[in-house]
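Visitor: My structure is in final29.pdb, and what it holds is PDB, C-alpha atoms:
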```pdb
ATOM      1  CA  MET A   9      26.574  -8.137  21.477
ATOM      2  CA  PRO A  10      29.951  -9.946  21.338
ATOM      3  CA  TYR A  11      30.721 -12.704  23.845
ATOM      4  CA  SER A  12      33.365 -10.497  25.475
ATOM      5  CA  GLU A  13      30.725  -7.879  26.337
ATOM      6  CA  ILE A  14      28.331 -10.529  27.637
ATOM      7  CA  ILE A  15      31.014 -11.934  29.927
ATOM      8  CA  SER A  16      31.799  -8.408  31.132
ATOM      9  CA  GLN A  17      28.076  -7.932  31.767
ATOM     10  CA  ILE A  18      27.974 -11.143  33.829
ATOM     11  CA  LEU A  19      30.828  -9.788  35.954
ATOM     12  CA  LEU A  20      29.004  -6.499  36.562
ATOM     13  CA  GLU A  21      25.514  -7.901  37.120
ATOM     14  CA  HIS A  22      26.702 -10.518  39.605
ATOM     15  CA  ASN A  23      29.353  -8.291  41.204
ATOM     16  CA  LEU A  24      32.092 -10.814  40.455
ATOM     17  CA  SER A  25      35.796 -10.381  39.904
ATOM     18  CA  GLN A  26      37.450 -12.204  37.030
ATOM     19  CA  GLU A  27      38.997 -14.547  39.575
ATOM     20  CA  GLU A  28      35.610 -15.304  41.170
ATOM     21  CA  LEU A  29      34.035 -16.017  37.790
ATOM     22  CA  GLY A  30      36.974 -18.248  36.952
ATOM     23  CA  ASP A  31      36.449 -20.175  40.193
ATOM     24  CA  ILE A  32      32.752 -20.661  39.369
ATOM     25  CA  LEU A  33      33.553 -21.880  35.855
ATOM     26  CA  GLY A  34      36.653 -23.909  36.731
ATOM     27  CA  VAL A  35      39.156 -21.744  34.843
ATOM     28  CA  ASN A  36      41.815 -19.295  35.970
ATOM     29  CA  GLN A  37      41.596 -15.494  36.048
ATOM     30  CA  THR A  38      43.888 -15.163  33.027
ATOM     31  CA  THR A  39      41.465 -17.172  30.920
ATOM     32  CA  VAL A  40      38.544 -14.959  31.960
ATOM     33  CA  SER A  41      40.654 -11.892  31.165
ATOM     34  CA  MET A  42      41.356 -13.231  27.667
ATOM     35  CA  TRP A  43      37.605 -13.718  27.126
ATOM     36  CA  VAL A  44      36.828 -10.180  28.297
ATOM     37  CA  LEU A  45      39.478  -8.801  25.954
ATOM     38  CA  GLY A  46      38.117 -10.896  23.078
ATOM     39  CA  LYS A  47      41.454 -12.636  22.589
ATOM     40  CA  LYS A  48      40.171 -16.122  23.372
ATOM     41  CA  LYS A  49      36.765 -17.800  23.136
ATOM     42  CA  PRO A  50      35.397 -19.954  25.950
ATOM     43  CA  SER A  51      35.788 -23.715  25.578
ATOM     44  CA  TYR A  52      32.758 -25.956  25.167
ATOM     45  CA  ASP A  53      32.946 -26.873  28.850
ATOM     46  CA  SER A  54      33.046 -23.207  29.859
ATOM     47  CA  ILE A  55      30.168 -22.348  27.534
ATOM     48  CA  TYR A  56      28.136 -25.116  29.168
ATOM     49  CA  MET A  57      28.971 -23.832  32.664
ATOM     50  CA  ILE A  58      28.020 -20.263  31.673
ATOM     51  CA  TYR A  59      24.681 -21.637  30.460
ATOM     52  CA  LYS A  60      24.076 -23.659  33.635
ATOM     53  CA  LYS A  61      25.170 -20.976  36.126
ATOM     54  CA  PHE A  62      23.925 -17.819  34.388
ATOM     55  CA  ASP A  63      21.157 -19.071  32.054
ATOM     56  CA  ILE A  64      22.817 -17.679  28.927
ATOM     57  CA  THR A  65      22.493 -19.997  25.946
ATOM     58  CA  PRO A  66      25.463 -20.577  23.619
ATOM     59  CA  ASN A  67      23.544 -18.793  20.863
ATOM     60  CA  GLU A  68      23.030 -15.759  23.092
ATOM     61  CA  LEU A  69      26.679 -15.818  24.155
ATOM     62  CA  PHE A  70      27.844 -15.649  20.561
ATOM     63  CA  GLY A  71      25.186 -13.259  19.322
ATOM     64  CA  LEU A  72      23.226 -15.779  17.255
ATOM     65  CA  ASP A  73      19.848 -15.019  18.862
ATOM     66  CA  LYS A  74      18.057 -11.912  17.713
TER      67      LYS A  74
END
```
Give the structure from the file, written as structure tokens.

Guide:
Amino acid sequence: MPYSEIISQILLEHNLSQEELGDILGVNQTTVSMWVLGKKKPSYDSIYMIYKKFDITPNELFGLDK
């Protein structure tokens, strides 16, 4: 599953808006929107925060775990 779908899944499972997720991760809503659309990948800092807050490893986020 591509990172954009995983981020969309996080939004749905945790009932978060893009703005709320951005606040949790320390980025703005536009950045989250770009991730969801697959136009931009999360930065290392954001990947780390996704791991810490939602227990999704970088490998899982980028589809490297089977």

Visitor: Using the chain letters and numbers from the file, give me the residues hit by the PyMOL selection byres ((chain A and resi 13) around 12), as a compact mmCIF listing (two decimals) with C-alpha atoms, in the frame of the given file.

Guide:
```txt
# COMPACT_ATOMS: atom_id res chain seq x y z
CA MET A 9 26.57 -8.14 21.48
CA PRO A 10 29.95 -9.95 21.34
CA TYR A 11 30.72 -12.70 23.84
CA SER A 12 33.36 -10.50 25.48
CA ILE A 14 28.33 -10.53 27.64
CA ILE A 15 31.01 -11.93 29.93
CA SER A 16 31.80 -8.41 31.13
CA GLN A 17 28.08 -7.93 31.77
CA ILE A 18 27.97 -11.14 33.83
CA LEU A 19 30.83 -9.79 35.95
CA LEU A 20 29.00 -6.50 36.56
CA GLU A 21 25.51 -7.90 37.12
CA VAL A 40 38.54 -14.96 31.96
CA SER A 41 40.65 -11.89 31.16
CA MET A 42 41.36 -13.23 27.67
CA TRP A 43 37.60 -13.72 27.13
CA VAL A 44 36.83 -10.18 28.30
CA LEU A 45 39.48 -8.80 25.95
CA GLY A 46 38.12 -10.90 23.08
CA GLU A 68 23.03 -15.76 23.09
CA LEU A 69 26.68 -15.82 24.16
CA PHE A 70 27.84 -15.65 20.56
CA GLY A 71 25.19 -13.26 19.32
```

Visitor: What's the separation between CA of Lys61 in chain A and CA of His22 in chain A, in Å to one decimal place?

Guide: 11.1 Å

Visitor: If I take CA of Asp53 in chain A and CA of Gly34 in chain A, how far is one from the other in Å, to one decimal?

Guide: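 Going from CA of Asp53 in chain A over to CA of Gly34 in chain A, I get 9.2 Å.
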
Visitor: For CA of Gln26 in chain A and CA of Asn67 in chain A, determine how far apart the two atoms are, in Å to one decimal place.

Guide: 22.3 Å

Visitor: Taking the file as I've supplied it (selection: the PyMOL selection byres ((chain A and resi 33) around 12)), which residues are included? Please answer as an mmCIF file with C-alpha atoms, in the coordinates of the input.

Guide:
```
data_model
loop_
_atom_site.group_PDB
_atom_site.id
_atom_site.type_symbol
_atom_site.label_atom_id
_atom_site.label_comp_id
_atom_site.auth_asym_id
_atom_site.auth_seq_id
_atom_site.Cartn_x
_atom_site.Cartn_y
_atom_site.Cartn_z
ATOM 1 C CA ILE A 15 31.014 -11.934 29.927
ATOM 2 C CA GLN A 26 37.450 -12.204 37.030
ATOM 3 C CA GLU A 27 38.997 -14.547 39.575
ATOM 4 C CA GLU A 28 35.610 -15.304 41.170
ATOM 5 C CA LEU A 29 34.035 -16.017 37.790
ATOM 6 C CA GLY A 30 36.974 -18.248 36.952
ATOM 7 C CA ASP A 31 36.449 -20.175 40.193
ATOM 8 C CA ILE A 32 32.752 -20.661 39.369
ATOM 9 C CA GLY A 34 36.653 -23.909 36.731
ATOM 10 C CA VAL A 35 39.156 -21.744 34.843
ATOM 11 C CA ASN A 36 41.815 -19.295 35.970
ATOM 12 C CA GLN A 37 41.596 -15.494 36.048
ATOM 13 C CA THR A 39 41.465 -17.172 30.920
ATOM 14 C CA VAL A 40 38.544 -14.959 31.960
ATOM 15 C CA PRO A 50 35.397 -19.954 25.950
ATOM 16 C CA SER A 51 35.788 -23.715 25.578
ATOM 17 C CA TYR A 52 32.758 -25.956 25.167
ATOM 18 C CA ASP A 53 32.946 -26.873 28.850
ATOM 19 C CA SER A 54 33.046 -23.207 29.859
ATOM 20 C CA ILE A 55 30.168 -22.348 27.534
ATOM 21 C CA TYR A 56 28.136 -25.116 29.168
ATOM 22 C CA MET A 57 28.971 -23.832 32.664
ATOM 23 C CA ILE A 58 28.020 -20.263 31.673
ATOM 24 C CA TYR A 59 24.681 -21.637 30.460
ATOM 25 C CA LYS A 60 24.076 -23.659 33.635
ATOM 26 C CA LYS A 61 25.170 -20.976 36.126
ATOM 27 C CA PHE A 62 23.925 -17.819 34.388
#
```

Visitor: So that all listed atoms of range 49-55 of chain A fit with 6 Å spare on each side, what axis-aligned box centre and edge lengths in Å, to one decimal, would you give as AutoDock Vina command-line options?

Guide:
```
--center_x 33.5 --center_y -22.3 --center_z 26.5 --size_x 18.6 --size_y 21.1 --size_z 18.7
```

Visitor: For C-alpha atoms, please extract range 14-28 of chain A from the block and return it as a compact mmCIF listing (two decimals), in the first residue's frame.

Guide:
```
# COMPACT_ATOMS: atom_id res chain seq x y z
CA ILE A 14 -1.58 4.75 4.66
CA ILE A 15 -1.80 8.42 5.61
CA SER A 16 -5.40 8.50 4.38
CA GLN A 17 -6.06 5.41 6.50
CA ILE A 18 -4.59 7.14 9.57
CA LEU A 19 -6.98 10.04 8.99
CA LEU A 20 -9.99 7.71 8.78
CA GLU A 21 -9.06 5.36 11.62
CA HIS A 22 -8.35 8.20 14.05
CA ASN A 23 -11.16 10.44 12.78
CA LEU A 24 -8.73 13.27 12.06
CA SER A 25 -8.87 16.11 9.57
CA GLN A 26 -5.78 16.92 7.55
CA GLU A 27 -5.34 20.01 9.70
CA GLU A 28 -5.54 17.97 12.93
```
